[in-house]
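> Below you'll find work_26.cif; it's mmCIF, C-alpha atoms.
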data_run
#
loop_
_atom_site.label_atom_id
_atom_site.label_comp_id
_atom_site.auth_asym_id
_atom_site.auth_seq_id
_atom_site.Cartn_x
_atom_site.Cartn_y
_atom_site.Cartn_z
CA MET S 1 73.28 50.15 -13.19
CA LYS S 2 72.70 52.11 -10.15
CA PHE S 3 69.29 52.65 -8.70
CA GLY S 4 68.35 55.85 -7.08
CA LYS S 5 66.59 56.30 -3.81
CA GLU S 6 63.22 56.76 -5.49
CA GLU S 7 63.67 53.69 -7.63
CA ILE S 8 64.65 51.58 -4.62
CA GLN S 9 61.58 52.84 -2.80
CA LYS S 10 59.43 51.95 -5.82
CA ILE S 11 60.96 48.46 -5.99
CA VAL S 12 60.50 47.87 -2.24
CA LEU S 13 57.00 49.29 -2.39
CA GLY S 14 56.25 47.14 -5.47
CA GLY S 15 57.62 44.07 -3.62
CA LEU S 16 55.48 44.88 -0.56
CA VAL S 17 52.42 45.35 -2.76
CA GLY S 18 53.22 42.04 -4.52
CA VAL S 19 53.59 40.25 -1.17
CA GLY S 20 50.33 41.90 -0.03
CA VAL S 21 48.53 40.81 -3.20
CA ILE S 22 49.82 37.23 -2.86
CA TYR S 23 48.89 37.16 0.83
CA SER S 24 45.45 38.61 0.10
CA TYR S 25 44.88 36.11 -2.71
CA PHE S 26 45.69 33.09 -0.58
CA ASP S 27 44.23 34.30 2.71
CA LEU S 28 41.26 36.41 1.75
CA LEU S 29 40.13 34.83 -1.54
CA LEU S 30 41.44 31.27 -1.79
CA GLY S 31 41.09 30.36 1.93
CA PRO S 32 37.32 31.02 2.22
CA LEU S 33 36.81 29.42 -1.18
CA LYS S 34 38.55 26.23 0.00
CA THR S 35 36.50 26.28 3.22
CA ARG S 36 33.25 26.67 1.27
CA HIS S 37 34.32 23.88 -1.09
CA ALA S 38 35.04 21.54 1.84
CA ASN S 39 31.69 22.42 3.48
CA THR S 40 29.87 21.85 0.19
CA LEU S 41 31.47 18.43 -0.21
CA LYS S 42 30.43 17.55 3.35
CA SER S 43 26.83 18.64 2.77
CA ILE S 44 26.70 16.72 -0.54
CA ALA S 45 27.93 13.61 1.25
CA ALA S 46 25.30 14.16 3.97
CA LEU S 47 22.57 14.53 1.33
CA GLN S 48 23.46 11.34 -0.58
CA PRO S 49 21.22 9.06 1.56
CA GLU S 50 18.33 11.50 1.17
CA ILE S 51 18.91 11.69 -2.57
CA SER S 52 18.93 7.89 -2.79
CA ARG S 53 15.74 7.70 -0.71
CA ALA S 54 14.10 10.35 -2.93
CA LYS S 55 15.09 8.43 -6.07
CA GLY S 56 13.52 5.32 -4.56
CA LEU S 57 10.31 7.24 -3.81
CA ILE S 58 10.24 8.60 -7.35
CA ALA S 59 10.66 5.08 -8.76
CA LYS S 60 7.91 3.81 -6.45
CA GLY S 61 5.65 6.68 -7.52
CA ASN S 62 6.31 5.89 -11.18
CA THR S 63 5.48 2.24 -10.58
CA ILE S 64 2.23 3.21 -8.85
CA ARG S 65 1.39 5.62 -11.68
CA ASP S 66 2.00 2.84 -14.22
CA GLN S 67 -0.22 0.43 -12.25
CA ALA S 68 -3.01 2.96 -11.71
CA PRO S 69 -5.06 2.06 -14.83
CA GLN S 70 -5.01 -1.62 -13.87
CA ALA S 71 -6.02 -0.78 -10.29
CA GLU S 72 -8.84 1.48 -11.53
CA ALA S 73 -10.13 -1.35 -13.73
CA THR S 74 -10.02 -3.74 -10.75
CA ILE S 75 -11.90 -1.25 -8.56
CA ALA S 76 -14.50 -0.81 -11.32
CA GLN S 77 -14.96 -4.60 -11.46
CA ILE S 78 -15.32 -4.78 -7.68
CA ASP S 79 -17.87 -1.94 -7.72
CA ALA S 80 -19.87 -3.72 -10.43
CA MET S 81 -20.05 -6.89 -8.28
CA ILE S 82 -21.39 -5.12 -5.19
CA PRO S 83 -25.16 -4.46 -5.23
CA GLU S 84 -26.51 -1.08 -4.18
CA GLY S 85 -28.00 -0.65 -0.71
CA ALA S 86 -27.16 -1.88 2.75
CA PRO S 87 -25.51 -5.32 2.83
CA VAL S 88 -27.88 -6.42 5.61
CA ALA S 89 -30.71 -6.04 3.10
CA TRP S 90 -29.28 -7.91 0.13
CA PHE S 91 -26.68 -10.38 1.39
CA PRO S 92 -28.90 -12.79 3.41
CA THR S 93 -31.43 -13.08 0.57
CA ARG S 94 -28.61 -13.56 -1.92
CA MET S 95 -27.20 -16.46 0.15
CA THR S 96 -30.64 -18.01 0.63
CA GLU S 97 -31.29 -17.88 -3.13
CA PHE S 98 -27.83 -19.24 -3.90
CA PHE S 99 -28.21 -22.26 -1.63
CA LYS S 100 -31.78 -22.87 -2.89
CA THR S 101 -30.41 -23.21 -6.43
CA HIS S 102 -28.20 -25.99 -5.06
CA GLY S 103 -31.06 -27.82 -3.32
CA ILE S 104 -30.48 -26.53 0.22
CA ASP S 105 -33.68 -24.98 1.56
CA LYS S 106 -33.24 -23.89 5.15
CA VAL S 107 -30.48 -21.32 5.47
CA SER S 108 -30.14 -18.60 8.08
CA THR S 109 -27.63 -15.78 7.64
CA ARG S 110 -26.63 -13.22 10.24
CA MET S 111 -23.97 -10.55 10.38
CA THR S 112 -21.36 -11.07 13.10
CA GLY S 113 -18.97 -8.16 12.55
CA GLU S 114 -17.44 -5.60 10.24
CA ALA S 115 -14.09 -3.89 9.85
CA PRO S 116 -12.38 -1.65 7.30
CA HIS S 117 -10.66 -3.57 4.53
CA PRO S 118 -6.88 -3.50 5.19
CA SER S 119 -5.77 -3.01 1.59
CA LEU S 120 -8.76 -1.33 -0.11
CA SER S 121 -9.64 2.12 1.14
CA GLY S 122 -13.32 2.93 0.85
CA TYR S 123 -14.30 -0.71 1.39
CA ARG S 124 -14.99 -2.86 4.43
CA ARG S 125 -15.20 -6.54 5.25
CA ILE S 126 -18.38 -7.85 6.80
CA THR S 127 -18.28 -11.19 8.57
CA TRP S 128 -21.35 -13.40 8.27
CA ASN S 129 -22.41 -16.64 9.92
CA ILE S 130 -24.52 -18.99 7.82
CA GLU S 131 -26.34 -21.85 9.55
CA ILE S 132 -27.72 -24.81 7.63
CA PRO S 133 -29.61 -27.17 10.01
CA LYS S 134 -29.86 -30.18 7.66
CA VAL S 135 -27.87 -30.88 4.54
CA GLU S 136 -26.27 -33.83 2.80
CA CYS S 137 -22.50 -33.68 2.74
CA LEU S 138 -21.99 -34.01 -1.03
CA ARG S 139 -24.70 -31.48 -1.84
CA PHE S 140 -23.16 -29.02 0.61
CA GLY S 141 -19.64 -29.60 -0.76
CA ALA S 142 -20.81 -28.86 -4.30
CA ALA S 143 -22.65 -25.74 -3.14
CA LEU S 144 -19.64 -24.47 -1.18
CA ALA S 145 -17.31 -25.03 -4.15
CA ALA S 146 -19.74 -23.18 -6.42
CA LEU S 147 -19.97 -20.33 -3.89
CA GLU S 148 -16.20 -19.88 -3.81
CA ASN S 149 -15.96 -20.06 -7.61
CA THR S 150 -18.85 -17.72 -8.48
CA GLU S 151 -18.47 -15.08 -5.74
CA PRO S 152 -14.92 -13.64 -5.79
CA LEU S 153 -15.71 -11.05 -3.10
CA ILE S 154 -16.66 -13.74 -0.59
CA SER S 155 -14.06 -15.75 1.29
CA VAL S 156 -14.87 -18.69 3.54
CA GLU S 157 -13.06 -18.35 6.84
CA THR S 158 -14.34 -21.36 8.78
CA CYS S 159 -16.65 -24.26 8.12
CA ASN S 160 -17.96 -26.52 10.92
CA ILE S 161 -19.81 -29.69 10.02
CA ASP S 162 -21.57 -31.64 12.78
CA THR S 163 -23.23 -35.00 12.31
CA GLN S 164 -26.54 -35.74 13.96
CA ARG S 165 -26.98 -39.03 15.76
CA GLU S 166 -30.63 -39.34 14.81
CA GLU S 167 -29.91 -38.90 11.10
CA PRO S 168 -26.32 -39.85 10.22
CA ASP S 169 -26.79 -39.12 6.51
CA VAL S 170 -27.48 -35.38 7.11
CA GLN S 171 -25.21 -32.85 8.77
CA ARG S 172 -25.58 -29.51 10.49
CA VAL S 173 -23.27 -26.89 8.95
CA SER S 174 -22.05 -23.54 10.25
CA ILE S 175 -20.02 -21.36 7.86
CA THR S 176 -18.22 -18.15 8.72
CA LEU S 177 -17.41 -16.05 5.69
CA SER S 178 -16.45 -12.49 4.93
CA ASN S 179 -17.65 -10.25 2.15
CA ILE S 180 -16.20 -7.05 0.70
CA VAL S 181 -18.66 -4.14 0.50
CA LYS S 182 -18.48 -0.39 -0.05
CA GLN S 183 -18.16 1.87 2.98
#
Please lay out the structure from this file as structure tokens.

Amino acid sequence: MKFGKEEIQKIVLGGLVGVGVIYSYFDLLLGPLKTRHANTLKSIAALQPEISRAKGLIAKGNTIRDQAPQAEATIAQIDAMIPEGAPVAWFPTRMTEFFKTHGIDKVSTRMTGEAPHPSLSGYRRITWNIEIPKVECLRFGAALAALENTEPLISVETCNIDTQREEPDVQRVSITLSNIVKQ
């Protein structure tokens, strides 16, 4: 079989077109696709820490959402325990009445400071100093234990007990305590 000049030209031209198609496929189509694939893999690898961090935040948010009803109930309980009005108006009389029920008559209460509560937004801690000039040790101990057990929003920070030389059976007491109140 002998090919003519036109047929040889068609075969050569077909071969050149085939080589051109193969070259175009690998260079113009497959090359950029491989480059994009490599860049995509790099960006996915770079995003993995952010994805992990986001999953952690989502889990933390879900945990907070699940704990929200319990926290709302706790806040409602705290609100119910705090009387209305300025703490300077109700807290000293409350302490005086409390200690009177335990047989301690002379009590002076004064506010010494206040600061925002570190873990409860919308609330603050007020620091109070309570002075009791004369009290028996056992009576005071029972009253202090009752105070800590009946008032969950009050925490005793310091308690100084001084004996008096003239009357060794009575002591002078100074208590520093803090109370949670609304802002």
> Can you spell out as a list in words the set of residues that the PyMOL selection byres ((chain S and resi 94-96) around 9) selects in the structure I just provided?
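Taken on the displayed file, the PyMOL selection byres ((chain S and resi 94-96) around 9) yields the residues Trp90, Phe91, Pro92, Thr93, Glu97, Phe98, Phe99, Lys100, Thr101, Ile104, Asp105, Lys106, Val107, Ser108, Thr109 and Ile130 of chain S.
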> Can you spit out the residues from that selection as an mmCIF file, keeping the file's coordinate frame, using C-alpha atoms?

data_model
loop_
_atom_site.group_PDB
_atom_site.id
_atom_site.type_symbol
_atom_site.label_atom_id
_atom_site.label_comp_id
_atom_site.auth_asym_id
_atom_site.auth_seq_id
_atom_site.Cartn_x
_atom_site.Cartn_y
_atom_site.Cartn_z
ATOM 1 C CA TRP S 90 -29.280 -7.910 0.130
ATOM 2 C CA PHE S 91 -26.680 -10.380 1.390
ATOM 3 C CA PRO S 92 -28.900 -12.790 3.410
ATOM 4 C CA THR S 93 -31.430 -13.080 0.570
ATOM 5 C CA GLU S 97 -31.290 -17.880 -3.130
ATOM 6 C CA PHE S 98 -27.830 -19.240 -3.900
ATOM 7 C CA PHE S 99 -28.210 -22.260 -1.630
ATOM 8 C CA LYS S 100 -31.780 -22.870 -2.890
ATOM 9 C CA THR S 101 -30.410 -23.210 -6.430
ATOM 10 C CA ILE S 104 -30.480 -26.530 0.220
ATOM 11 C CA ASP S 105 -33.680 -24.980 1.560
ATOM 12 C CA LYS S 106 -33.240 -23.890 5.150
ATOM 13 C CA VAL S 107 -30.480 -21.320 5.470
ATOM 14 C CA SER S 108 -30.140 -18.600 8.080
ATOM 15 C CA THR S 109 -27.630 -15.780 7.640
ATOM 16 C CA ILE S 130 -24.520 -18.990 7.820
#
> Any idea what's packed within 9 Å of Ser155 of chain S, counting only C-alpha atoms, ignoring anything in its chain fewer than 2 positions away? Could you give it as a PyMOL selection string?
chain S and resi 148+151-153+157+176-180
> So how many Å separate atom CA of Glu114 of chain S and atom CA of Trp128 of chain S, to one decimal?
8.9 Å
> Please compute the atom CA of His102 of chain S-atom CA of Asp79 of chain S distance, one decimal, in Å.
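Distance between the two atoms: 26.3 Å.
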> Using the chain letters and residue numbers of this document, give as an MDAnalysis selection string the residues selected by the PyMOL selection byres ((chain S and resi 181) around 9).
chainID S and resid 78:79 82:83 87 117 122:126 153 179:180 182:183
> Can you turn the PyMOL selection byres ((chain S and resi 164-175) around 7) into a concrete residue list for this file, as a list of chain:residue names?
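Given this file, the PyMOL selection byres ((chain S and resi 164-175) around 7) evaluates to S:Asn129, S:Ile130, S:Glu131, S:Ile132, S:Pro133, S:Lys134, S:Val135, S:Glu136, S:Cys137, S:Thr158, S:Cys159, S:Asn160, S:Ile161, S:Asp162, S:Thr163, S:Thr176, S:Leu177.
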> How would the residues just chosen look if you wrote them out with C-alpha atoms as a compact mmCIF listing (two decimals), keeping the file's coordinate frame?

# COMPACT_ATOMS: atom_id res chain seq x y z
CA ASN S 129 -22.41 -16.64 9.92
CA ILE S 130 -24.52 -18.99 7.82
CA GLU S 131 -26.34 -21.85 9.55
CA ILE S 132 -27.72 -24.81 7.63
CA PRO S 133 -29.61 -27.17 10.01
CA LYS S 134 -29.86 -30.18 7.66
CA VAL S 135 -27.87 -30.88 4.54
CA GLU S 136 -26.27 -33.83 2.80
CA CYS S 137 -22.50 -33.68 2.74
CA THR S 158 -14.34 -21.36 8.78
CA CYS S 159 -16.65 -24.26 8.12
CA ASN S 160 -17.96 -26.52 10.92
CA ILE S 161 -19.81 -29.69 10.02
CA ASP S 162 -21.57 -31.64 12.78
CA THR S 163 -23.23 -35.00 12.31
CA THR S 176 -18.22 -18.15 8.72
CA LEU S 177 -17.41 -16.05 5.69
> What is the distance, in Å and to one decimal place, between atom CA of Gln70 of chain S and atom CA of Ser119 of chain S?
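Computing it gives 15.5 Å between the two atoms.
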> Pick the closest to Glu72 of chain S from S:Thr40, S:Leu28, S:Leu120, S:Gln48: which is it, counting only C-alpha atoms?
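Of all the options, S:Leu120 lies closest to Glu72 of chain S.
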